[in-house]
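Peer 1: What follows is the file structure_3.cif, containing mmCIF, C-alpha atoms and all ligand atoms:
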data_input
loop_
_atom_site.label_atom_id
_atom_site.label_comp_id
_atom_site.auth_asym_id
_atom_site.auth_seq_id
_atom_site.Cartn_x
_atom_site.Cartn_y
_atom_site.Cartn_z
CA MET A 41 -45.56 -42.47 -14.26
CA LYS A 42 -46.07 -45.92 -12.82
CA TYR A 43 -48.64 -46.97 -10.24
CA LYS A 44 -48.87 -50.16 -8.21
CA CYS A 45 -52.02 -51.54 -6.58
CA LEU A 46 -51.37 -53.51 -3.40
CA ASN A 47 -55.07 -54.49 -3.25
CA PRO A 48 -57.73 -54.71 -5.94
CA ILE A 49 -58.84 -51.13 -6.69
CA ALA A 50 -62.15 -50.45 -8.49
CA GLU A 51 -61.75 -50.12 -12.25
CA VAL A 52 -63.87 -46.96 -12.36
CA GLY A 53 -61.15 -45.25 -10.32
CA LEU A 54 -58.19 -46.63 -12.25
CA ASN A 55 -59.89 -45.47 -15.47
CA ILE A 56 -59.35 -41.89 -14.28
CA PHE A 57 -55.62 -42.33 -14.89
CA THR A 58 -54.65 -40.95 -18.31
CA GLU A 59 -52.22 -42.63 -20.74
CA GLN A 60 -49.42 -40.85 -18.84
CA TYR A 61 -49.87 -43.49 -16.15
CA GLU A 62 -48.93 -47.14 -16.45
CA LYS A 63 -49.63 -50.04 -14.09
CA THR A 64 -46.64 -51.91 -12.69
CA ASP A 65 -46.27 -55.03 -10.54
CA ASP A 66 -42.86 -53.95 -9.33
CA MET A 67 -43.01 -51.93 -6.11
CA ASN A 68 -39.47 -50.63 -6.75
CA GLN A 69 -40.57 -49.01 -10.01
CA ALA A 70 -43.73 -47.41 -8.66
CA ASP A 71 -44.08 -43.63 -8.45
CA ILE A 72 -47.39 -44.06 -6.64
CA VAL A 73 -49.12 -46.83 -4.72
CA LEU A 74 -52.82 -47.54 -4.17
CA VAL A 75 -53.73 -49.66 -1.16
CA ARG A 76 -56.68 -50.77 0.93
CA SER A 77 -55.91 -52.92 3.98
CA ALA A 78 -52.60 -54.52 2.89
CA ALA A 79 -49.99 -54.31 5.66
CA MET A 80 -47.19 -51.93 4.66
CA HIS A 81 -45.22 -51.57 7.89
CA GLU A 82 -42.54 -54.07 6.92
CA MET A 83 -42.06 -52.71 3.39
CA GLU A 84 -39.05 -50.75 2.19
CA PHE A 85 -39.63 -47.80 -0.14
CA THR A 86 -37.30 -46.61 -2.89
CA ASP A 87 -36.56 -42.93 -3.56
CA ASN A 88 -38.78 -43.25 -6.61
CA LEU A 89 -41.96 -43.57 -4.53
CA LYS A 90 -43.75 -40.23 -4.23
CA ALA A 91 -47.20 -40.95 -2.86
CA ILE A 92 -49.44 -43.62 -1.36
CA ALA A 93 -53.23 -43.40 -1.50
CA ARG A 94 -55.29 -45.45 0.95
CA ALA A 95 -58.59 -46.07 -0.85
CA GLY A 96 -60.46 -45.95 2.44
CA ALA A 97 -60.30 -44.33 5.86
CA GLY A 98 -58.07 -46.20 8.32
CA VAL A 99 -54.32 -45.76 7.78
CA ASN A 100 -52.98 -47.91 10.60
CA ASN A 101 -51.62 -50.35 7.98
CA ILE A 102 -49.24 -47.66 6.64
CA PRO A 103 -46.03 -46.39 8.33
CA LEU A 104 -46.96 -42.70 8.20
CA ASP A 105 -43.83 -41.33 9.91
CA LYS A 106 -41.45 -43.45 7.87
CA CYS A 107 -43.20 -42.20 4.72
CA ALA A 108 -43.03 -38.57 5.88
CA GLU A 109 -39.30 -38.99 6.57
CA GLN A 110 -38.82 -40.20 3.00
CA GLY A 111 -40.92 -37.39 1.53
CA ILE A 112 -43.72 -39.76 0.58
CA VAL A 113 -47.16 -38.18 0.89
CA VAL A 114 -49.87 -40.50 2.21
CA PHE A 115 -53.50 -39.79 1.36
CA ASN A 116 -56.79 -41.33 2.45
CA THR A 117 -60.33 -40.83 1.19
CA PRO A 118 -62.37 -39.40 4.08
CA GLY A 119 -66.03 -40.30 4.05
CA ALA A 120 -65.90 -42.17 0.75
CA ASN A 121 -66.93 -45.49 2.31
CA ALA A 122 -68.87 -44.15 5.30
CA ASN A 123 -72.32 -45.01 4.01
CA GLY A 124 -71.29 -48.62 3.33
CA VAL A 125 -70.14 -48.98 6.93
CA LYS A 126 -73.20 -47.19 8.33
CA GLU A 127 -75.57 -49.62 6.62
CA LEU A 128 -73.68 -52.63 7.98
CA VAL A 129 -73.66 -51.16 11.49
CA ILE A 130 -77.46 -50.84 11.32
CA ALA A 131 -77.56 -54.49 10.20
CA GLY A 132 -75.24 -55.30 13.13
CA LEU A 133 -77.61 -53.61 15.59
CA VAL A 134 -80.50 -55.70 14.31
CA MET A 135 -78.48 -58.92 14.09
CA ALA A 136 -77.39 -58.54 17.68
CA SER A 137 -80.97 -57.94 18.81
CA ARG A 138 -82.75 -60.67 16.87
CA ASP A 139 -81.07 -64.04 16.43
CA ILE A 140 -81.04 -63.80 12.65
CA VAL A 141 -77.70 -65.60 12.33
CA GLY A 142 -78.80 -68.46 14.62
CA GLY A 143 -82.16 -68.72 12.89
CA VAL A 144 -80.75 -68.74 9.37
CA ASN A 145 -78.15 -71.36 10.32
CA TRP A 146 -80.89 -73.49 11.94
CA VAL A 147 -83.01 -73.47 8.77
CA GLN A 148 -80.02 -74.96 6.95
CA THR A 149 -80.02 -77.88 9.42
CA ILE A 150 -83.69 -78.74 8.74
CA LYS A 151 -83.82 -77.87 5.05
CA ASP A 152 -83.88 -81.51 3.83
CA GLU A 153 -86.63 -82.64 6.19
CA THR A 154 -90.23 -82.79 5.03
CA GLY A 155 -92.60 -80.17 6.36
CA VAL A 156 -90.03 -77.40 6.76
CA GLY A 157 -92.85 -74.82 7.07
CA LYS A 158 -94.31 -76.59 10.11
CA LEU A 159 -90.89 -77.13 11.70
CA VAL A 160 -90.12 -73.44 11.30
CA GLU A 161 -93.29 -72.39 13.12
CA LYS A 162 -92.59 -74.88 15.89
CA GLY A 163 -88.92 -73.98 16.37
CA LYS A 164 -88.82 -70.24 15.77
CA GLY A 165 -89.41 -69.34 19.44
CA GLN A 166 -85.78 -70.11 20.28
CA PHE A 167 -84.67 -67.25 18.02
CA ALA A 168 -86.96 -64.48 19.31
CA GLY A 169 -85.32 -61.15 20.12
CA LYS A 170 -85.76 -57.51 20.94
CA GLU A 171 -86.41 -54.39 18.89
CA ILE A 172 -83.97 -51.50 18.71
CA GLU A 173 -86.61 -48.78 18.77
CA GLY A 174 -86.60 -46.90 22.07
CA LYS A 175 -83.23 -48.36 23.15
CA LYS A 176 -80.19 -46.25 23.94
CA LEU A 177 -77.24 -46.29 21.53
CA GLY A 178 -73.85 -44.77 22.40
CA VAL A 179 -71.63 -43.69 19.53
CA ILE A 180 -67.96 -43.13 20.34
CA GLY A 181 -66.31 -41.15 17.53
CA LEU A 182 -68.49 -38.82 15.51
CA GLY A 183 -66.61 -38.61 12.23
CA ALA A 184 -67.83 -39.55 8.76
CA ILE A 185 -69.19 -42.93 9.92
CA GLY A 186 -70.22 -42.12 13.49
CA VAL A 187 -72.40 -39.20 12.38
CA LEU A 188 -74.21 -41.30 9.78
CA VAL A 189 -74.75 -44.13 12.28
CA ALA A 190 -76.01 -41.74 14.97
CA ASN A 191 -78.45 -40.00 12.62
CA ALA A 192 -79.73 -43.24 11.08
CA ALA A 193 -80.24 -44.93 14.46
CA ASN A 194 -82.04 -41.82 15.66
CA ARG A 195 -84.37 -41.99 12.66
CA LEU A 196 -85.05 -45.65 13.54
CA GLY A 197 -86.32 -44.50 16.92
CA MET A 198 -83.24 -45.07 19.09
CA GLU A 199 -82.17 -42.61 21.75
CA VAL A 200 -78.63 -41.77 20.66
CA TYR A 201 -75.75 -40.53 22.82
CA GLY A 202 -72.66 -39.19 21.03
CA TYR A 203 -69.11 -38.69 22.29
CA ASP A 204 -66.22 -37.12 20.38
CA PRO A 205 -63.92 -34.59 22.06
CA PHE A 206 -62.26 -33.78 18.72
CA ILE A 207 -65.38 -33.49 16.56
CA SER A 208 -64.86 -31.50 13.34
CA VAL A 209 -67.02 -28.50 12.47
CA ASP A 210 -68.43 -30.40 9.46
CA SER A 211 -69.42 -33.38 11.60
CA ALA A 212 -71.01 -31.13 14.19
CA TRP A 213 -73.08 -29.47 11.45
CA ASN A 214 -74.15 -32.84 10.05
CA LEU A 215 -75.14 -34.36 13.38
CA SER A 216 -78.87 -34.36 14.10
CA ARG A 217 -79.69 -32.09 17.02
CA ASP A 218 -81.60 -35.00 18.57
CA ILE A 219 -78.29 -36.67 19.42
CA ILE A 220 -77.48 -36.32 23.11
CA HIS A 221 -74.03 -34.76 23.42
CA VAL A 222 -72.01 -36.34 26.23
CA LYS A 223 -68.63 -35.20 27.50
CA SER A 224 -67.06 -38.46 28.65
CA ARG A 225 -66.90 -42.06 27.55
CA ASP A 226 -68.21 -43.02 30.99
CA ASP A 227 -71.52 -41.29 30.19
CA ILE A 228 -71.82 -43.59 27.20
CA TYR A 229 -70.84 -46.66 29.23
CA LYS A 230 -73.31 -46.11 32.04
CA ASN A 231 -76.32 -45.10 29.95
CA CYS A 232 -76.37 -47.17 26.80
CA ASP A 233 -77.85 -50.54 25.81
CA TYR A 234 -75.74 -50.60 22.64
CA ILE A 235 -72.27 -49.10 22.20
CA THR A 236 -70.62 -48.66 18.82
CA VAL A 237 -67.04 -47.43 18.30
CA HIS A 238 -66.05 -45.33 15.27
CA THR A 239 -62.66 -43.87 16.12
CA PRO A 240 -59.32 -44.51 14.45
CA LEU A 241 -56.91 -46.84 16.25
CA VAL A 242 -54.68 -44.50 18.28
CA GLU A 243 -52.03 -45.57 20.75
CA HIS A 244 -51.32 -42.70 23.14
CA GLU A 245 -50.36 -42.27 26.79
CA ASP A 246 -53.20 -39.78 27.36
CA PRO A 247 -56.26 -41.98 28.02
CA ASN A 248 -58.55 -39.37 26.44
CA ILE A 249 -56.68 -39.63 23.16
CA ASN A 250 -55.80 -43.33 23.29
CA THR A 251 -58.34 -45.65 21.68
CA LYS A 252 -56.34 -48.89 21.76
CA GLU A 253 -58.16 -51.43 23.94
CA MET A 254 -60.51 -48.69 25.20
CA ILE A 255 -63.12 -51.41 25.57
CA ASN A 256 -61.58 -53.46 28.38
CA SER A 257 -62.58 -54.92 31.76
CA ASP A 258 -62.58 -51.45 33.41
CA SER A 259 -64.83 -49.83 30.82
CA ILE A 260 -67.04 -52.93 30.57
CA ALA A 261 -67.53 -52.84 34.37
CA LYS A 262 -69.11 -49.38 33.95
CA MET A 263 -71.59 -50.61 31.33
CA LYS A 264 -75.14 -51.87 31.79
CA ASP A 265 -75.66 -55.60 32.26
CA GLY A 266 -76.43 -57.26 28.93
CA VAL A 267 -74.89 -54.45 26.87
CA ILE A 268 -74.28 -55.04 23.16
CA ILE A 269 -70.96 -53.82 21.75
CA LEU A 270 -70.31 -53.17 18.07
CA ASN A 271 -66.87 -52.69 16.57
CA PHE A 272 -66.69 -51.71 12.92
CA ALA A 273 -63.51 -49.69 13.45
CA ARG A 274 -60.45 -51.87 14.28
CA ASP A 275 -60.09 -55.06 16.33
CA LEU A 276 -57.48 -53.55 18.67
CA LEU A 277 -60.01 -51.04 20.06
CA VAL A 278 -61.39 -53.93 22.09
CA LYS A 279 -59.39 -56.12 24.47
CA ASP A 280 -60.29 -59.61 23.34
CA ASP A 281 -59.56 -61.45 26.59
CA ASP A 282 -61.74 -59.02 28.56
CA ILE A 283 -64.63 -59.30 26.12
CA ALA A 284 -64.36 -63.10 26.39
CA VAL A 285 -64.84 -62.94 30.17
CA ALA A 286 -67.72 -60.46 29.83
CA LEU A 287 -69.49 -62.59 27.22
CA LYS A 288 -69.17 -65.66 29.40
CA SER A 289 -70.65 -63.92 32.44
CA GLY A 290 -73.45 -62.33 30.40
CA LYS A 291 -72.30 -58.79 31.26
CA VAL A 292 -71.92 -58.31 27.50
CA ALA A 293 -74.77 -59.99 25.64
CA LYS A 294 -73.25 -59.83 22.16
CA TYR A 295 -70.12 -58.51 20.51
CA VAL A 296 -70.44 -57.66 16.83
CA THR A 297 -67.11 -57.23 15.11
CA ASP A 298 -66.08 -56.52 11.52
CA PHE A 299 -62.52 -57.57 12.45
CA PRO A 300 -62.53 -61.20 13.61
CA ASN A 301 -59.20 -62.63 14.74
CA ASP A 302 -57.96 -65.98 16.10
CA LYS A 303 -59.58 -65.27 19.47
CA THR A 304 -62.89 -63.57 18.64
CA ALA A 305 -63.75 -65.86 15.72
CA ASN A 306 -63.98 -68.68 18.27
CA MET A 307 -65.97 -66.91 20.97
CA GLU A 308 -69.58 -67.70 21.69
CA GLY A 309 -71.68 -64.53 21.63
CA VAL A 310 -69.58 -62.94 18.90
CA ILE A 311 -71.11 -62.04 15.56
CA ALA A 312 -68.07 -62.05 13.32
CA ILE A 313 -68.27 -60.32 9.96
CA PRO A 314 -65.28 -60.65 7.59
CA HIS A 315 -64.41 -56.92 7.33
CA LEU A 316 -67.26 -56.13 4.95
CA GLY A 317 -67.98 -52.55 6.12
CA ALA A 318 -66.58 -50.90 3.01
CA SER A 319 -67.06 -53.84 0.66
CA THR A 320 -69.86 -52.43 -1.45
CA GLU A 321 -69.73 -51.48 -5.09
CA GLU A 322 -70.54 -47.88 -4.20
CA SER A 323 -67.91 -47.50 -1.48
CA GLU A 324 -65.23 -49.23 -3.51
CA ASP A 325 -65.97 -46.98 -6.49
CA ASN A 326 -66.07 -43.80 -4.37
CA CYS A 327 -62.79 -44.60 -2.62
CA ALA A 328 -60.98 -45.53 -5.84
CA MET A 329 -62.15 -42.41 -7.69
CA MET A 330 -61.25 -40.10 -4.83
CA ALA A 331 -57.84 -41.76 -4.36
CA VAL A 332 -56.92 -41.50 -8.04
CA LYS A 333 -58.10 -37.88 -8.34
CA GLN A 334 -55.99 -36.91 -5.32
CA LEU A 335 -52.95 -38.78 -6.67
CA ARG A 336 -53.29 -37.13 -10.06
CA ASP A 337 -53.59 -33.66 -8.53
CA TYR A 338 -50.42 -34.35 -6.54
CA MET A 339 -48.45 -35.82 -9.43
CA GLU A 340 -49.56 -33.29 -12.05
CA ASN A 341 -49.91 -30.11 -9.98
CA GLY A 342 -48.15 -30.82 -6.69
CA ASN A 343 -51.40 -30.15 -4.79
CA ILE A 344 -52.08 -32.10 -1.59
CA ARG A 345 -55.67 -32.93 -0.62
CA ASN A 346 -56.56 -35.24 2.26
CA SER A 347 -53.07 -36.19 3.29
CA VAL A 348 -52.57 -37.84 6.65
CA ASN A 349 -48.85 -37.06 7.04
CA TYR A 350 -48.25 -33.79 5.16
CA PRO A 351 -50.16 -30.49 5.17
CA ASN A 352 -52.84 -29.90 2.59
CA CYS A 353 -51.77 -27.43 -0.06
CA ASP A 354 -53.57 -25.94 -3.05
CA ALA A 355 -51.29 -24.12 -5.45
CA GLY A 356 -53.77 -24.46 -8.32
CA VAL A 357 -52.54 -25.32 -11.82
CA CYS A 358 -49.09 -24.06 -12.73
CA THR A 359 -49.18 -21.29 -15.35
CA THR A 360 -45.47 -20.47 -15.37
CA ALA A 361 -42.61 -22.38 -17.02
CA GLY A 362 -41.69 -24.48 -14.00
CA ARG A 363 -42.96 -25.72 -10.63
CA ILE A 364 -40.79 -27.27 -7.92
CA ALA A 365 -42.26 -28.97 -4.85
CA ILE A 366 -40.16 -29.40 -1.73
CA LEU A 367 -41.02 -31.76 1.13
CA HIS A 368 -39.06 -30.75 4.19
CA ARG A 369 -38.86 -30.52 7.93
CA ASN A 370 -40.78 -27.77 9.67
CA ILE A 371 -37.70 -25.99 11.05
CA PRO A 372 -36.49 -22.36 10.96
CA ASN A 373 -34.67 -20.82 8.03
CA MET A 374 -35.87 -23.19 5.31
CA LEU A 375 -37.65 -20.62 3.13
CA SER A 376 -34.72 -18.22 3.05
CA GLN A 377 -32.44 -21.06 1.97
CA PHE A 378 -34.88 -22.03 -0.79
CA THR A 379 -35.23 -18.51 -2.15
CA GLY A 380 -31.45 -18.09 -1.83
CA ALA A 381 -30.89 -21.15 -4.02
CA PHE A 382 -33.11 -19.68 -6.76
CA SER A 383 -31.62 -16.17 -6.56
CA ALA A 384 -28.06 -17.57 -6.69
CA LEU A 385 -28.95 -18.98 -10.11
CA ASP A 386 -30.81 -15.84 -11.13
CA ILE A 387 -34.15 -17.63 -11.39
CA ASN A 388 -37.21 -15.49 -10.74
CA ILE A 389 -39.85 -16.92 -8.35
CA SER A 390 -43.33 -15.96 -9.53
CA ASP A 391 -45.34 -17.66 -6.82
CA MET A 392 -44.75 -19.60 -3.62
CA VAL A 393 -46.96 -21.54 -1.18
CA ASN A 394 -45.66 -22.88 2.12
CA LYS A 395 -47.66 -25.04 4.53
CA SER A 396 -46.72 -26.95 7.63
CA ARG A 397 -48.16 -29.71 9.75
CA GLY A 398 -46.43 -30.83 12.92
CA GLU A 399 -42.85 -31.78 12.15
CA TYR A 400 -43.23 -31.57 8.38
CA ALA A 401 -43.73 -28.84 5.82
CA TYR A 402 -44.34 -28.45 2.11
CA THR A 403 -43.35 -25.66 -0.22
CA VAL A 404 -44.41 -25.20 -3.85
CA ILE A 405 -42.42 -22.70 -5.90
CA ASP A 406 -43.43 -21.50 -9.38
CA VAL A 407 -40.58 -20.15 -11.48
CA GLU A 408 -40.00 -18.59 -14.86
CA ALA A 409 -37.24 -21.05 -15.84
CA SER A 410 -38.09 -24.36 -17.51
CA ASP A 411 -34.80 -26.18 -16.87
CA ASN A 412 -34.33 -26.34 -13.12
CA THR A 413 -31.83 -29.20 -12.85
CA GLU A 414 -29.19 -27.10 -11.15
CA VAL A 415 -31.48 -25.55 -8.56
CA VAL A 416 -33.00 -28.94 -7.75
CA ALA A 417 -29.52 -30.25 -6.92
CA LYS A 418 -28.93 -27.25 -4.64
CA LEU A 419 -32.32 -27.64 -2.91
CA THR A 420 -31.80 -31.37 -2.39
CA GLY A 421 -28.57 -30.62 -0.54
CA ILE A 422 -30.20 -28.32 2.04
CA LYS A 423 -30.31 -29.89 5.51
CA GLY A 424 -33.91 -30.67 6.43
CA VAL A 425 -35.06 -31.22 2.84
CA LEU A 426 -36.60 -34.69 2.48
CA LYS A 427 -37.54 -34.73 -1.19
CA VAL A 428 -37.60 -32.33 -4.13
CA ARG A 429 -39.95 -32.89 -7.06
CA VAL A 430 -39.97 -31.21 -10.42
CA VAL A 431 -43.72 -31.00 -10.99
CA LYS A 432 -43.35 -29.07 -14.26
N1 LIG B 1 -65.26 -51.66 8.78
C1 LIG B 1 -64.77 -51.01 7.75
O1 LIG B 1 -64.74 -51.52 6.64
C2 LIG B 1 -64.28 -49.62 7.92
C3 LIG B 1 -63.73 -49.22 9.10
N2 LIG B 1 -63.29 -47.93 9.27
C4 LIG B 1 -62.71 -47.56 10.57
O2 LIG B 1 -63.53 -46.57 11.15
C5 LIG B 1 -62.73 -45.49 11.61
C6 LIG B 1 -63.53 -44.21 11.51
O3 LIG B 1 -63.79 -43.91 10.15
P1 LIG B 1 -64.36 -42.49 9.71
O4 LIG B 1 -65.57 -42.16 10.49
O5 LIG B 1 -64.43 -42.51 8.24
O6 LIG B 1 -63.15 -41.55 10.18
P2 LIG B 1 -63.22 -40.02 10.61
O7 LIG B 1 -61.81 -39.58 10.66
O8 LIG B 1 -64.17 -39.28 9.76
O9 LIG B 1 -63.81 -40.07 12.09
C7 LIG B 1 -63.11 -40.48 13.22
C8 LIG B 1 -63.66 -39.69 14.39
O10 LIG B 1 -63.11 -40.24 15.59
C9 LIG B 1 -62.89 -39.15 16.48
N3 LIG B 1 -61.94 -39.53 17.51
C10 LIG B 1 -60.60 -39.65 17.40
N4 LIG B 1 -60.09 -40.00 18.58
C11 LIG B 1 -61.11 -40.10 19.46
C12 LIG B 1 -61.21 -40.42 20.82
N5 LIG B 1 -60.13 -40.72 21.54
N6 LIG B 1 -62.44 -40.44 21.40
C13 LIG B 1 -63.55 -40.15 20.67
N7 LIG B 1 -63.51 -39.81 19.37
C14 LIG B 1 -62.31 -39.80 18.76
C15 LIG B 1 -62.38 -38.03 15.57
O11 LIG B 1 -62.54 -36.76 16.19
C16 LIG B 1 -63.27 -38.20 14.36
O12 LIG B 1 -64.42 -37.39 14.45
C17 LIG B 1 -61.49 -45.53 10.70
O13 LIG B 1 -60.37 -44.95 11.36
C18 LIG B 1 -61.31 -46.99 10.46
O14 LIG B 1 -60.49 -47.55 11.45
C19 LIG B 1 -63.43 -47.01 8.28
C20 LIG B 1 -63.99 -47.35 7.08
C21 LIG B 1 -64.39 -48.71 6.78
O1 LIG B 2 -61.48 -47.73 5.09
C1 LIG B 2 -61.19 -48.44 6.08
O2 LIG B 2 -60.66 -48.01 7.11
C2 LIG B 2 -61.54 -49.86 6.06
O3 LIG B 2 -61.42 -50.52 7.06
C3 LIG B 2 -61.98 -50.47 4.79
O4 LIG B 2 -61.01 -51.43 4.48
P1 LIG B 2 -61.01 -52.13 3.04
O5 LIG B 2 -60.72 -51.04 2.05
O6 LIG B 2 -62.37 -52.72 2.84
O7 LIG B 2 -59.92 -53.15 3.11
#
Translate the structure described by the file into structure tokens.

Peer 2:
Amino acid sequence: MKYKCLNPIAEVGLNIFTEQYEKTDDMNQADIVLVRSAAMHEMEFTDNLKAIARAGAGVNNIPLDKCAEQGIVVFNTPGANANGVKELVIAGLVMASRDIVGGVNWVQTIKDETGVGKLVEKGKGQFAGKEIEGKKLGVIGLGAIGVLVANAANRLGMEVYGYDPFISVDSAWNLSRDIIHVKSRDDIYKNCDYITVHTPLVEHEDPNINTKEMINSDSIAKMKDGVIILNFARDLLVKDDDIAVALKSGKVAKYVTDFPNDKTANMEGVIAIPHLGASTEESEDNCAMMAVKQLRDYMENGNIRNSVNYPNCDAGVCTTAGRIAILHRNIPNMLSQFTGAFSALDINISDMVNKSRGEYAYTVIDVEASDNTEVVAKLTGIKGVLKVRVVK
């Protein structure tokens, strides 16, 4: 089996691949792909490609529907880099409150003069700031990162408001009970001194689901004067032109972004970080290990864990002679056609798992025959079947 890395992937993860797996530079030869933030929307995929693992959280760089249509399972690694991002968000809160960046840059301008110590004491007043303790922080999106940020800020003495209409049970359990639960984004906007966004980028006509450009002139107008906005999620959550106006007027005091672009990199009042949220040894290792383990489980057993376009499915390890995995549309009459194909060839099915998610479904069938070439051809011909894999 051949794997291709579209971005550098931590060695400790790649080492989990056994000698059955070989690295390739040729996308057309790859059975599986590992990726971080490389843009994949314009890429074409061959029939050979079976799975893509995003070593990270955000999957907006991957064409999920196109992959589903081609029977390519896309995975991500939920939570594996959350602590890395959390720590940088805390740094962002402090950097936006104290002029650390300005001060550090200023020291560089005086470093060759004599008496730097005296100059520092004389000039430091221009970089004085505020403390975060006692201030109100609004967290929009309480997933792996949002929960860690909310809890950490709370422990640093901030009063934390949290908003997430789709919060998972796990996140709700992990959230400190000191976090003030609010039911609308407006409650965050009107109450908070700092607002940090931790949702995926979602484009949707329902404004409660949509997150694209959710920080815009309308939402900013509802915020406190001098609010500080932090964006460690995706640049498109914030409307750049509107933030420019708000920074100029002082309505927004600072905008901290981990996703600088042509516009924001040039704006005064922006603290631009070069997408470093997940760039720690620990996060890179965690993501790579989780991605490779999930890919191996899919390739070797047909199990799906943490997919973002197909249902999760745990069929365990195959103990019979053969295992066939079918990626198909979630439409009526599929299972009877599958079982019919096996019975027509007199092949006994010993176990079967079927899962669905939205428009797509996944069926794993364990059989007592070891040569299943004929049945695979039959299954592939069924209308609604997107891919058939012989797992064993
Ligand atoms: N700066 C960086 O290096 C990194 C950035 N990210 C970004 O952060 C995002 C969040 O990451 P995780 O916390 O790991 O993901 P997650 O999936 O654990 O959490 C996302 C949360 O957002 C919530 N959500 C979705 N739509 C919402 C809406 N309309 N309003 C309020 N809440 C909503 C979900 O219910 C979920 O709880 C990723 O999608 C990615 O874009 C993630 C990792 C690293
Ligand atoms: O996991 C995410 O969503 C990230 O934004 C991290 O991206 P990266 O893997 O550092 O290119």

Peer 1: Could you tell me how far CA of Gly342 in chain A sits from CA of Glu408 in chain A, in Å to one decimal place?

Peer 2: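 Computing it gives 16.8 Å between the two atoms.
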
Peer 1: Write out as a Markdown table the residues of chain A that have any atom within 7 Å of an atom of ligand LIG 2 (chain B), one row each with the nearest atom pair and its distance in Å to one decimal, counting all atoms listed in the file, sorted by chain and then rising number.

Peer 2:
| residue | atom | partner | partner_atom | distance |
| --- | --- | --- | --- | --- |
| A:Arg76 | CA | B:LIG2 | O5 | 4.2 |
| A:Ser77 | CA | B:LIG2 | O7 | 4.1 |
| A:Ala95 | CA | B:LIG2 | O5 | 6.1 |
| A:Gly96 | CA | B:LIG2 | O1 | 3.4 |
| A:Ala97 | CA | B:LIG2 | O1 | 3.7 |
| A:Gly98 | CA | B:LIG2 | O2 | 3.4 |
| A:Val99 | CA | B:LIG2 | O2 | 6.8 |
| A:Asn121 | CA | B:LIG2 | O1 | 6.5 |
| A:Ala273 | CA | B:LIG2 | O3 | 6.8 |
| A:His315 | CA | B:LIG2 | O6 | 6.5 |
| A:Leu316 | CA | B:LIG2 | O6 | 6.3 |
| A:Gly317 | CA | B:LIG2 | C3 | 6.5 |
| A:Ala318 | CA | B:LIG2 | O6 | 4.6 |
| A:Ser319 | CA | B:LIG2 | O6 | 5.3 |

Peer 1: Out of A:Thr236, A:Asn55, A:Ser390, A:Asn248, which residue has the shortest atom-to-atom distance to ligand LIG 1 (chain B) when counting all atoms listed in the file?

Peer 2: A:Asn248

Peer 1: Could you check which of A:Thr359, A:Asn231, A:Thr64, A:Thr320 is closest to ligand LIG 1 (chain B), using all atoms listed in the file?

Peer 2: A:Thr320

Peer 1: Name the residues in contact with Ser224 in chain A at a cut-off of 9 Å, using all atoms listed in the file, excluding same-chain residues fewer than 5 positions from it; report them as a list of chain:residue names.

Peer 2: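 With the cut-off at 9 Å, the set is A:Tyr203, A:Asp204, A:Pro205, A:Asn248.
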
Peer 1: Provide an axis-aligned box for all listed atoms of ligand LIG 1 (chain B), padding each side by 8 Å; report its centre and its edge lengths in Å to one decimal, as lines of an AutoDock Vina configuration file.

Peer 2:
center_x = -62.8
center_y = -44.2
center_z = 14.1
size_x = 21.5
size_y = 30.9
size_z = 30.9

Peer 1: Residues within 10 Å of range 188-196 of chain A, please, as a ChimeraX atom specification. Count all atoms listed in the file; anything in the same chain fewer than 6 positions from it doesn't count.

Peer 2: /A:122-123,125-130,133,172-180,182,202,211,214-220,236,238

Peer 1: Could you list, as a ChimeraX atom specification, every residue within 8 Å of Ala328 in chain A, counting only C-alpha atoms and ignoring same-chain residues fewer than 5 positions away?

Peer 2: /A:49-54,95

Peer 1: With C-alpha atoms kept, could you save the residues just selected as a short mmCIF file (atom, residue, chain, number, x, y, z; two decimals), keeping the file's coordinate frame?

Peer 2:
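Saved to out14.cif:
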data_model
loop_
_atom_site.label_atom_id
_atom_site.label_comp_id
_atom_site.auth_asym_id
_atom_site.auth_seq_id
_atom_site.Cartn_x
_atom_site.Cartn_y
_atom_site.Cartn_z
CA ILE A 49 -58.84 -51.13 -6.69
CA ALA A 50 -62.15 -50.45 -8.49
CA GLU A 51 -61.75 -50.12 -12.25
CA VAL A 52 -63.87 -46.96 -12.36
CA GLY A 53 -61.15 -45.25 -10.32
CA LEU A 54 -58.19 -46.63 -12.25
CA ALA A 95 -58.59 -46.07 -0.85
#

Peer 1: What residues have an atom no more than 9 Å from (-51.4, -22.1, 6.0) in the file's own frame, counting only C-alpha atoms, and can you write them as JSON, numbers by chain?

Peer 2: {"A": [351, 352, 353, 393, 394, 395, 396]}

Peer 1: What's around Thr420 in chain A at 12 Å? Count all atoms listed in the file, leave out sequence neighbours fewer than 2 positions away in its own chain, and write the answer as a list in words.

Peer 2: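 So the residues in contact are Gly111, Ile364, Ala365, Ile366, Leu367, His368, Met374, Gln377, Phe378, Ala381, Thr413, Glu414, Val415, Val416, Ala417, Lys418, Ile422, Lys423, Gly424, Val425, Leu426, Lys427, Val428, Arg429 and Val430 of chain A.
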
Peer 1: Go ahead and compute the interatomic distance for CA of Gly124 in chain A and CA of Pro300 in chain A, in Å to one decimal.

Peer 2: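 Between CA of Gly124 in chain A and CA of Pro300 in chain A the gap works out to 18.5 Å.
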
Peer 1: Using all atoms listed in the file, find the one residue out of A:Tyr400, A:Phe167, A:Tyr338, A:Phe272 that sits nearest to ligand LIG 1 (chain B).

Peer 2: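 For ligand LIG 1 (chain B), the nearest of the given residues is A:Phe272.
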